[in-house]
file protein-v1.pdb (PDB, C-alpha atoms and all ligand atoms)
ATOM      1  CA  MET V   1       0.000   0.000   0.000  1.00  0.00           C
ATOM      2  CA  GLU V   2       1.498   3.368  -0.960  1.00  0.00           C
ATOM      3  CA  ASP V   3       1.164   5.051   2.413  1.00  0.00           C
ATOM      4  CA  LYS V   4       1.858   8.711   1.737  1.00  0.00           C
ATOM      5  CA  GLU V   5      -1.329   9.823   0.053  1.00  0.00           C
ATOM      6  CA  LEU V   6      -3.717   7.665   2.032  1.00  0.00           C
ATOM      7  CA  LYS V   7      -6.075   9.429   4.402  1.00  0.00           C
ATOM      8  CA  LYS V   8      -6.334   7.540   7.673  1.00  0.00           C
ATOM      9  CA  LEU V   9      -8.778   7.676  10.548  1.00  0.00           C
ATOM     10  CA  VAL V  10      -8.649   5.906  13.930  1.00  0.00           C
ATOM     11  CA  ILE V  11     -12.140   5.230  15.277  1.00  0.00           C
ATOM     12  CA  PHE V  12     -12.366   3.946  18.834  1.00  0.00           C
ATOM     13  CA  TYR V  13     -14.208   3.831  22.136  1.00  0.00           C
ATOM     14  CA  SER V  14     -12.408   3.575  25.474  1.00  0.00           C
ATOM     15  CA  LEU V  15     -13.891   3.538  28.971  1.00  0.00           C
ATOM     16  CA  GLU V  16     -10.695   3.181  31.002  1.00  0.00           C
ATOM     17  CA  GLY V  17      -7.993   4.487  28.659  1.00  0.00           C
ATOM     18  CA  ASN V  18      -6.340   1.325  27.291  1.00  0.00           C
ATOM     19  CA  THR V  19      -7.895   1.444  23.832  1.00  0.00           C
ATOM     20  CA  LYS V  20      -7.283   5.187  23.759  1.00  0.00           C
ATOM     21  CA  PHE V  21      -3.590   4.576  24.492  1.00  0.00           C
ATOM     22  CA  ILE V  22      -3.354   2.262  21.461  1.00  0.00           C
ATOM     23  CA  ALA V  23      -5.412   4.655  19.295  1.00  0.00           C
ATOM     24  CA  GLU V  24      -3.015   7.482  20.156  1.00  0.00           C
ATOM     25  CA  GLY V  25      -0.069   5.252  19.224  1.00  0.00           C
ATOM     26  CA  ILE V  26      -1.647   4.574  15.823  1.00  0.00           C
ATOM     27  CA  LYS V  27      -2.260   8.297  15.373  1.00  0.00           C
ATOM     28  CA  ASP V  28       1.372   9.130  16.175  1.00  0.00           C
ATOM     29  CA  MET V  29       2.796   6.316  14.034  1.00  0.00           C
ATOM     30  CA  THR V  30       0.651   6.862  10.933  1.00  0.00           C
ATOM     31  CA  GLY V  31      -0.413  10.506  11.013  1.00  0.00           C
ATOM     32  CA  ALA V  32      -4.057   9.400  11.179  1.00  0.00           C
ATOM     33  CA  GLU V  33      -6.831  11.649  12.390  1.00  0.00           C
ATOM     34  CA  SER V  34      -8.973  10.323  15.210  1.00  0.00           C
ATOM     35  CA  LEU V  35     -12.614   9.907  16.109  1.00  0.00           C
ATOM     36  CA  GLU V  36     -13.281   8.936  19.719  1.00  0.00           C
ATOM     37  CA  LEU V  37     -16.804   7.585  20.142  1.00  0.00           C
ATOM     38  CA  LYS V  38     -18.514   8.842  23.286  1.00  0.00           C
ATOM     39  CA  VAL V  39     -21.814   7.675  24.708  1.00  0.00           C
ATOM     40  CA  GLU V  40     -24.382  10.320  25.823  1.00  0.00           C
ATOM     41  CA  LYS V  41     -25.068   8.605  29.159  1.00  0.00           C
ATOM     42  CA  ASP V  42     -22.036   6.401  29.733  1.00  0.00           C
ATOM     43  CA  ILE V  43     -21.386   3.981  32.576  1.00  0.00           C
ATOM     44  CA  SER V  44     -18.917   4.882  35.322  1.00  0.00           C
ATOM     45  CA  PRO V  45     -15.371   3.614  34.649  1.00  0.00           C
ATOM     46  CA  LYS V  46     -15.094   2.679  38.343  1.00  0.00           C
ATOM     47  CA  GLY V  47     -16.730   0.013  40.509  1.00  0.00           C
ATOM     48  CA  PHE V  48     -17.849  -3.543  39.903  1.00  0.00           C
ATOM     49  CA  MET V  49     -21.244  -2.458  38.545  1.00  0.00           C
ATOM     50  CA  ARG V  50     -19.600  -1.438  35.271  1.00  0.00           C
ATOM     51  CA  TYR V  51     -19.095  -5.127  34.437  1.00  0.00           C
ATOM     52  CA  VAL V  52     -22.717  -5.958  35.152  1.00  0.00           C
ATOM     53  CA  TRP V  53     -24.153  -2.924  33.345  1.00  0.00           C
ATOM     54  CA  GLY V  54     -21.705  -2.934  30.417  1.00  0.00           C
ATOM     55  CA  GLY V  55     -21.816  -6.702  29.961  1.00  0.00           C
ATOM     56  CA  SER V  56     -25.616  -6.797  29.942  1.00  0.00           C
ATOM     57  CA  GLN V  57     -25.712  -4.011  27.333  1.00  0.00           C
ATOM     58  CA  VAL V  58     -23.536  -6.147  25.034  1.00  0.00           C
ATOM     59  CA  ILE V  59     -25.595  -9.269  25.595  1.00  0.00           C
ATOM     60  CA  MET V  60     -28.824  -7.348  24.849  1.00  0.00           C
ATOM     61  CA  GLY V  61     -27.287  -5.819  21.703  1.00  0.00           C
ATOM     62  CA  LYS V  62     -27.929  -2.256  22.948  1.00  0.00           C
ATOM     63  CA  LYS V  63     -27.164   0.745  20.757  1.00  0.00           C
ATOM     64  CA  PRO V  64     -26.683   3.684  23.130  1.00  0.00           C
ATOM     65  CA  GLU V  65     -26.964   7.236  21.812  1.00  0.00           C
ATOM     66  CA  LEU V  66     -23.559   8.656  20.807  1.00  0.00           C
ATOM     67  CA  VAL V  67     -22.308  12.191  21.269  1.00  0.00           C
ATOM     68  CA  SER V  68     -22.322  13.767  17.799  1.00  0.00           C
ATOM     69  CA  ILE V  69     -19.727  12.490  15.371  1.00  0.00           C
ATOM     70  CA  ASP V  70     -17.678  15.141  13.602  1.00  0.00           C
ATOM     71  CA  LYS V  71     -15.843  12.962  11.074  1.00  0.00           C
ATOM     72  CA  ASN V  72     -17.173  10.990   8.118  1.00  0.00           C
ATOM     73  CA  PRO V  73     -15.384   7.660   7.459  1.00  0.00           C
ATOM     74  CA  GLU V  74     -16.317   8.117   3.777  1.00  0.00           C
ATOM     75  CA  ASP V  75     -13.606  10.806   3.564  1.00  0.00           C
ATOM     76  CA  TYR V  76     -10.800   8.357   4.427  1.00  0.00           C
ATOM     77  CA  ASP V  77      -8.999   5.465   2.661  1.00  0.00           C
ATOM     78  CA  VAL V  78      -7.802   3.505   5.684  1.00  0.00           C
ATOM     79  CA  LEU V  79      -9.725   3.075   8.929  1.00  0.00           C
ATOM     80  CA  PHE V  80      -8.379   1.672  12.185  1.00  0.00           C
ATOM     81  CA  ILE V  81     -11.256   0.600  14.405  1.00  0.00           C
ATOM     82  CA  GLY V  82     -10.652  -0.251  18.065  1.00  0.00           C
ATOM     83  CA  THR V  83     -12.677  -1.475  21.012  1.00  0.00           C
ATOM     84  CA  PRO V  84     -12.295  -2.807  24.524  1.00  0.00           C
ATOM     85  CA  ILE V  85     -13.652  -6.350  24.840  1.00  0.00           C
ATOM     86  CA  TRP V  86     -16.866  -6.465  26.821  1.00  0.00           C
ATOM     87  CA  ALA V  87     -18.530  -9.821  27.496  1.00  0.00           C
ATOM     88  CA  GLY V  88     -16.393 -11.311  24.723  1.00  0.00           C
ATOM     89  CA  GLY V  89     -17.471  -8.837  22.040  1.00  0.00           C
ATOM     90  CA  TYR V  90     -17.139  -5.228  20.938  1.00  0.00           C
ATOM     91  CA  VAL V  91     -18.709  -2.450  23.008  1.00  0.00           C
ATOM     92  CA  PRO V  92     -22.242  -1.008  22.591  1.00  0.00           C
ATOM     93  CA  ALA V  93     -20.823   2.307  21.270  1.00  0.00           C
ATOM     94  CA  ILE V  94     -19.230   0.433  18.335  1.00  0.00           C
ATOM     95  CA  ASN V  95     -22.528  -1.379  17.801  1.00  0.00           C
ATOM     96  CA  THR V  96     -24.337   1.981  17.469  1.00  0.00           C
ATOM     97  CA  PHE V  97     -21.633   3.353  15.167  1.00  0.00           C
ATOM     98  CA  LEU V  98     -21.612   0.369  12.797  1.00  0.00           C
ATOM     99  CA  HIS V  99     -25.407   0.506  12.532  1.00  0.00           C
ATOM    100  CA  ARG V 100     -25.486   4.211  11.924  1.00  0.00           C
ATOM    101  CA  VAL V 101     -22.637   4.648   9.429  1.00  0.00           C
ATOM    102  CA  GLN V 102     -22.305   2.900   6.071  1.00  0.00           C
ATOM    103  CA  ILE V 103     -18.697   1.764   5.556  1.00  0.00           C
ATOM    104  CA  LYS V 104     -17.765   0.370   2.143  1.00  0.00           C
ATOM    105  CA  GLY V 105     -14.619  -0.087   0.069  1.00  0.00           C
ATOM    106  CA  LYS V 106     -12.177   0.840   2.859  1.00  0.00           C
ATOM    107  CA  LYS V 107      -9.006  -0.815   4.057  1.00  0.00           C
ATOM    108  CA  ILE V 108      -9.517  -1.556   7.748  1.00  0.00           C
ATOM    109  CA  GLY V 109      -7.189  -2.503  10.603  1.00  0.00           C
ATOM    110  CA  LEU V 110      -8.916  -3.818  13.729  1.00  0.00           C
ATOM    111  CA  PHE V 111      -7.578  -3.594  17.274  1.00  0.00           C
ATOM    112  CA  CYS V 112      -8.854  -4.420  20.724  1.00  0.00           C
ATOM    113  CA  CYS V 113      -7.880  -4.408  24.392  1.00  0.00           C
ATOM    114  CA  HIS V 114      -8.949  -7.015  26.915  1.00  0.00           C
ATOM    115  CA  ALA V 115      -8.120  -8.113  30.446  1.00  0.00           C
ATOM    116  CA  GLY V 116      -6.776 -11.537  29.535  1.00  0.00           C
ATOM    117  CA  GLY V 117      -9.815 -13.225  28.028  1.00  0.00           C
ATOM    118  CA  GLY V 118      -8.610 -12.575  24.482  1.00  0.00           C
ATOM    119  CA  SER V 119     -10.465 -10.960  21.601  1.00  0.00           C
ATOM    120  CA  GLY V 120     -13.440 -13.332  21.913  1.00  0.00           C
ATOM    121  CA  LYS V 121     -15.849 -12.942  19.021  1.00  0.00           C
ATOM    122  CA  ALA V 122     -15.106  -9.233  18.486  1.00  0.00           C
ATOM    123  CA  PHE V 123     -13.091  -9.610  15.275  1.00  0.00           C
ATOM    124  CA  SER V 124     -15.626 -11.959  13.708  1.00  0.00           C
ATOM    125  CA  MET V 125     -18.416  -9.523  14.682  1.00  0.00           C
ATOM    126  CA  PHE V 126     -16.484  -6.701  12.983  1.00  0.00           C
ATOM    127  CA  LYS V 127     -15.884  -8.788   9.856  1.00  0.00           C
ATOM    128  CA  GLU V 128     -19.566  -9.659   9.633  1.00  0.00           C
ATOM    129  CA  LYS V 129     -20.552  -5.968   9.792  1.00  0.00           C
ATOM    130  CA  LEU V 130     -17.716  -4.768   7.545  1.00  0.00           C
ATOM    131  CA  LYS V 131     -18.093  -7.320   4.747  1.00  0.00           C
ATOM    132  CA  GLU V 132     -17.837  -4.751   1.963  1.00  0.00           C
ATOM    133  CA  ASN V 133     -14.342  -3.714   3.040  1.00  0.00           C
ATOM    134  CA  THR V 134     -10.861  -5.239   3.094  1.00  0.00           C
ATOM    135  CA  ILE V 135      -9.619  -6.161   6.557  1.00  0.00           C
ATOM    136  CA  ILE V 136      -5.857  -5.556   6.396  1.00  0.00           C
ATOM    137  CA  GLY V 137      -5.021  -6.809   9.888  1.00  0.00           C
ATOM    138  CA  GLU V 138      -6.073  -7.321  13.468  1.00  0.00           C
ATOM    139  CA  ILE V 139      -4.250  -7.068  16.771  1.00  0.00           C
ATOM    140  CA  GLU V 140      -5.113  -7.452  20.427  1.00  0.00           C
ATOM    141  CA  PHE V 141      -3.518  -6.143  23.617  1.00  0.00           C
ATOM    142  CA  LYS V 142      -3.877  -7.198  27.232  1.00  0.00           C
ATOM    143  CA  ASP V 143      -4.577  -4.067  29.337  1.00  0.00           C
ATOM    144  CA  PRO V 144      -1.570  -2.085  27.986  1.00  0.00           C
ATOM    145  CA  LEU V 145      -1.809   0.574  30.715  1.00  0.00           C
ATOM    146  CA  LYS V 146      -1.428  -2.043  33.461  1.00  0.00           C
ATOM    147  CA  ASN V 147       1.313  -3.987  31.668  1.00  0.00           C
ATOM    148  CA  ASP V 148       4.516  -2.981  29.885  1.00  0.00           C
ATOM    149  CA  LYS V 149       3.560  -0.028  27.683  1.00  0.00           C
ATOM    150  CA  THR V 150       6.855  -0.218  25.778  1.00  0.00           C
ATOM    151  CA  VAL V 151       6.144  -3.806  24.746  1.00  0.00           C
ATOM    152  CA  ALA V 152       2.671  -2.796  23.542  1.00  0.00           C
ATOM    153  CA  GLU V 153       4.119   0.123  21.573  1.00  0.00           C
ATOM    154  CA  LYS V 154       6.718  -2.149  19.953  1.00  0.00           C
ATOM    155  CA  GLN V 155       4.055  -4.703  18.965  1.00  0.00           C
ATOM    156  CA  LEU V 156       1.883  -1.920  17.613  1.00  0.00           C
ATOM    157  CA  LYS V 157       4.743  -0.457  15.544  1.00  0.00           C
ATOM    158  CA  GLU V 158       5.551  -3.863  14.025  1.00  0.00           C
ATOM    159  CA  TRP V 159       1.877  -4.418  13.210  1.00  0.00           C
ATOM    160  CA  ILE V 160       1.503  -0.979  11.611  1.00  0.00           C
ATOM    161  CA  ASP V 161       4.687  -1.473   9.556  1.00  0.00           C
ATOM    162  CA  SER V 162       3.527  -4.884   8.340  1.00  0.00           C
ATOM    163  CA  ILE V 163      -0.011  -3.891   7.349  1.00  0.00           C
ATOM    164  CA  MET V 164       0.894  -0.564   5.770  1.00  0.00           C
ATOM    165  CA  LYS V 165       3.476  -2.315   3.554  1.00  0.00           C
ATOM    166  CA  VAL V 166       0.906  -4.654   1.976  1.00  0.00           C
TER     167      VAL V 166
HETATM  168  C1  LIG W 201     -18.325  -4.117  31.016  1.00  0.00           C
HETATM  169  C2  LIG W 201     -16.984  -4.757  30.860  1.00  0.00           C
HETATM  170  C3  LIG W 201     -16.884  -6.042  30.359  1.00  0.00           C
HETATM  171  C4  LIG W 201     -15.628  -6.632  30.154  1.00  0.00           C
HETATM  172  N1  LIG W 201     -15.572  -7.896  29.601  1.00  0.00           N
HETATM  173  C5  LIG W 201     -14.351  -8.456  29.356  1.00  0.00           C
HETATM  174  C6  LIG W 201     -14.253  -9.742  28.732  1.00  0.00           C
HETATM  175  O1  LIG W 201     -15.249 -10.375  28.378  1.00  0.00           O
HETATM  176  N2  LIG W 201     -13.006 -10.264  28.526  1.00  0.00           N
HETATM  177  C7  LIG W 201     -11.861  -9.596  28.896  1.00  0.00           C
HETATM  178  O2  LIG W 201     -10.764 -10.113  28.696  1.00  0.00           O
HETATM  179  N3  LIG W 201     -11.923  -8.344  29.447  1.00  0.00           N
HETATM  180  C8  LIG W 201     -13.140  -7.761  29.684  1.00  0.00           C
HETATM  181  N4  LIG W 201     -13.202  -6.496  30.237  1.00  0.00           N
HETATM  182  C9  LIG W 201     -11.946  -5.768  30.504  1.00  0.00           C
HETATM  183  C10 LIG W 201     -11.594  -4.767  29.378  1.00  0.00           C
HETATM  184  O3  LIG W 201     -11.821  -5.319  28.083  1.00  0.00           O
HETATM  185  C11 LIG W 201     -10.120  -4.369  29.436  1.00  0.00           C
HETATM  186  O4  LIG W 201      -9.777  -3.934  30.718  1.00  0.00           O
HETATM  187  C12 LIG W 201      -9.767  -3.291  28.406  1.00  0.00           C
HETATM  188  O5  LIG W 201      -8.360  -3.134  28.343  1.00  0.00           O
HETATM  189  C13 LIG W 201     -10.408  -1.960  28.749  1.00  0.00           C
HETATM  190  O6  LIG W 201     -10.226  -1.041  27.692  1.00  0.00           O
HETATM  191  P1  LIG W 201     -10.424   0.547  27.934  1.00  0.00           P
HETATM  192  O7  LIG W 201      -9.445   0.924  29.005  1.00  0.00           O
HETATM  193  O8  LIG W 201     -10.109   1.168  26.624  1.00  0.00           O
HETATM  194  O9  LIG W 201     -11.837   0.776  28.373  1.00  0.00           O
HETATM  195  C14 LIG W 201     -14.451  -5.913  30.475  1.00  0.00           C
HETATM  196  C15 LIG W 201     -14.540  -4.615  31.003  1.00  0.00           C
HETATM  197  C16 LIG W 201     -15.795  -4.030  31.196  1.00  0.00           C
HETATM  198  C17 LIG W 201     -15.881  -2.621  31.742  1.00  0.00           C
END
call {"tool": "encode", "arguments": {"input": "protein-v1.pdb", "output": "structure tokens", "more": "lines below"}}
Ligand SMILES: Cc1cc2nc3c(=O)[nH]c(=O)nc-3n(C[C@H](O)[C@H](O)[C@H](O)COP(=O)(O)O)c2cc1C
result
Amino acid sequence: MEDKELKKLVIFYSLEGNTKFIAEGIKDMTGAESLELKVEKDISPKGFMRYVWGGSQVIMGKKPELVSIDKNPEDYDVLFIGTPIWAGGYVPAINTFLHRVQIKGKKIGLFCCHAGGGSGKAFSMFKEKLKENTIIGEIEFKDPLKNDKTVAEKQLKEWIDSIMKV
């Protein structure tokens, strides 16, 4: 892929900062613009209830209202889409976004952060919703803010270099 003229956008949601950390790395490494999805009435990032509330939203397939989106994925060639793993899938904010916005003919890199349970069915859920696009790669991280950030940054750099070369 000839990188220089491609317009890139990182689209992500992050409740506790891990996915945001990776999104910012992608932004710095590729010169991408970014679109952070925010939910109108979001859950608290603290306390055990977030697991119960967030997990049940995923299981029920909720599509919470998002704070207005100021970037159109149509205007970009390459999209990086990132999510924390909730109940083994992507978060409700991503669910809303993928229902609301038509994404076609893009090159897409997928990334996620989890607490050790792995990416679950998130990547297959993305691929199902993004069928009319080319998935150029996927990568997962275990809570990068709690673990070695340098290792995560190195893995991210290698991933970016490999997918942007294709
Ligand atoms: C509601 C909720 C559900 C979660 N479910 C899972 C899960 O199924 N598997 C897992 O490994 N981690 C799970 N986690 C942990 C997060 O995926 C993980 O900490 C991630 O790095 C958080 O990303 P963030 O800091 O960008 O919000 C869950 C966290 C929350 C708040």
call {"tool": "residues_around", "arguments": {"input": "protein-v1.pdb", "residues": "V:Gln57", "least_positions_apart": "5", "cutoff": "9 Å", "atoms": "only C-alpha atoms", "output": "PyMOL selection string"}}
result
chain V and resi 52+62-64+91-92
call {"tool": "closest_atom_pairs", "arguments": {"input": "protein-v1.pdb", "of": "stretch 5-61 of chain V", "to": "stretch 130-143 of chain V", "cutoff": "12 Å", "atoms": "all atoms listed in the file", "output": "JSON lines"}}
result
{"residue": "V:Ser14", "atom": "CA", "partner": "V:Asp143", "partner_atom": "CA", "distance": 11.6}
{"residue": "V:Glu16", "atom": "CA", "partner": "V:Asp143", "partner_atom": "CA", "distance": 9.6}
{"residue": "V:Gly17", "atom": "CA", "partner": "V:Asp143", "partner_atom": "CA", "distance": 9.2}
{"residue": "V:Asn18", "atom": "CA", "partner": "V:Asp143", "partner_atom": "CA", "distance": 6.0}
{"residue": "V:Thr19", "atom": "CA", "partner": "V:Asp143", "partner_atom": "CA", "distance": 8.5}
{"residue": "V:Lys20", "atom": "CA", "partner": "V:Asp143", "partner_atom": "CA", "distance": 11.1}
{"residue": "V:Phe21", "atom": "CA", "partner": "V:Asp143", "partner_atom": "CA", "distance": 10.0}
{"residue": "V:Ile22", "atom": "CA", "partner": "V:Phe141", "partner_atom": "CA", "distance": 8.7}
{"residue": "V:Ala23", "atom": "CA", "partner": "V:Phe141", "partner_atom": "CA", "distance": 11.8}
{"residue": "V:Ile26", "atom": "CA", "partner": "V:Ile139", "partner_atom": "CA", "distance": 12.0}
call {"tool": "resolve_selection", "arguments": {"input": "protein-v1.pdb", "expression": "the PyMOL selection byres (((chain V and resi 73-84) around 8) and not hetatm)", "output": "mmCIF file with C-alpha atoms, in the coordinates of the input"}}
result
data_model
loop_
_atom_site.group_PDB
_atom_site.id
_atom_site.type_symbol
_atom_site.label_atom_id
_atom_site.label_comp_id
_atom_site.auth_asym_id
_atom_site.auth_seq_id
_atom_site.Cartn_x
_atom_site.Cartn_y
_atom_site.Cartn_z
ATOM 1 C CA LEU V 6 -3.717 7.665 2.032
ATOM 2 C CA LYS V 7 -6.075 9.429 4.402
ATOM 3 C CA LYS V 8 -6.334 7.540 7.673
ATOM 4 C CA LEU V 9 -8.778 7.676 10.548
ATOM 5 C CA VAL V 10 -8.649 5.906 13.930
ATOM 6 C CA ILE V 11 -12.140 5.230 15.277
ATOM 7 C CA PHE V 12 -12.366 3.946 18.834
ATOM 8 C CA TYR V 13 -14.208 3.831 22.136
ATOM 9 C CA SER V 14 -12.408 3.575 25.474
ATOM 10 C CA LEU V 15 -13.891 3.538 28.971
ATOM 11 C CA ASN V 18 -6.340 1.325 27.291
ATOM 12 C CA THR V 19 -7.895 1.444 23.832
ATOM 13 C CA ALA V 23 -5.412 4.655 19.295
ATOM 14 C CA LYS V 71 -15.843 12.962 11.074
ATOM 15 C CA ASN V 72 -17.173 10.990 8.118
ATOM 16 C CA ILE V 85 -13.652 -6.350 24.840
ATOM 17 C CA TRP V 86 -16.866 -6.465 26.821
ATOM 18 C CA TYR V 90 -17.139 -5.228 20.938
ATOM 19 C CA VAL V 91 -18.709 -2.450 23.008
ATOM 20 C CA ILE V 94 -19.230 0.433 18.335
ATOM 21 C CA ILE V 103 -18.697 1.764 5.556
ATOM 22 C CA LYS V 106 -12.177 0.840 2.859
ATOM 23 C CA LYS V 107 -9.006 -0.815 4.057
ATOM 24 C CA ILE V 108 -9.517 -1.556 7.748
ATOM 25 C CA GLY V 109 -7.189 -2.503 10.603
ATOM 26 C CA LEU V 110 -8.916 -3.818 13.729
ATOM 27 C CA PHE V 111 -7.578 -3.594 17.274
ATOM 28 C CA CYS V 112 -8.854 -4.420 20.724
ATOM 29 C CA CYS V 113 -7.880 -4.408 24.392
ATOM 30 C CA HIS V 114 -8.949 -7.015 26.915
#
call {"tool": "atom_distance", "arguments": {"input": "protein-v1.pdb", "atom1": "atom CA of V:Leu98", "atom2": "atom CA of V:Gly61"}}
result
12.2 Å
call {"tool": "closest_residue", "arguments": {"input": "protein-v1.pdb", "among": "V:Met29, V:Val101, V:Ala152, V:Ala122", "to": "V:Gly89", "atoms": "only C-alpha atoms"}}
result
V:Ala122
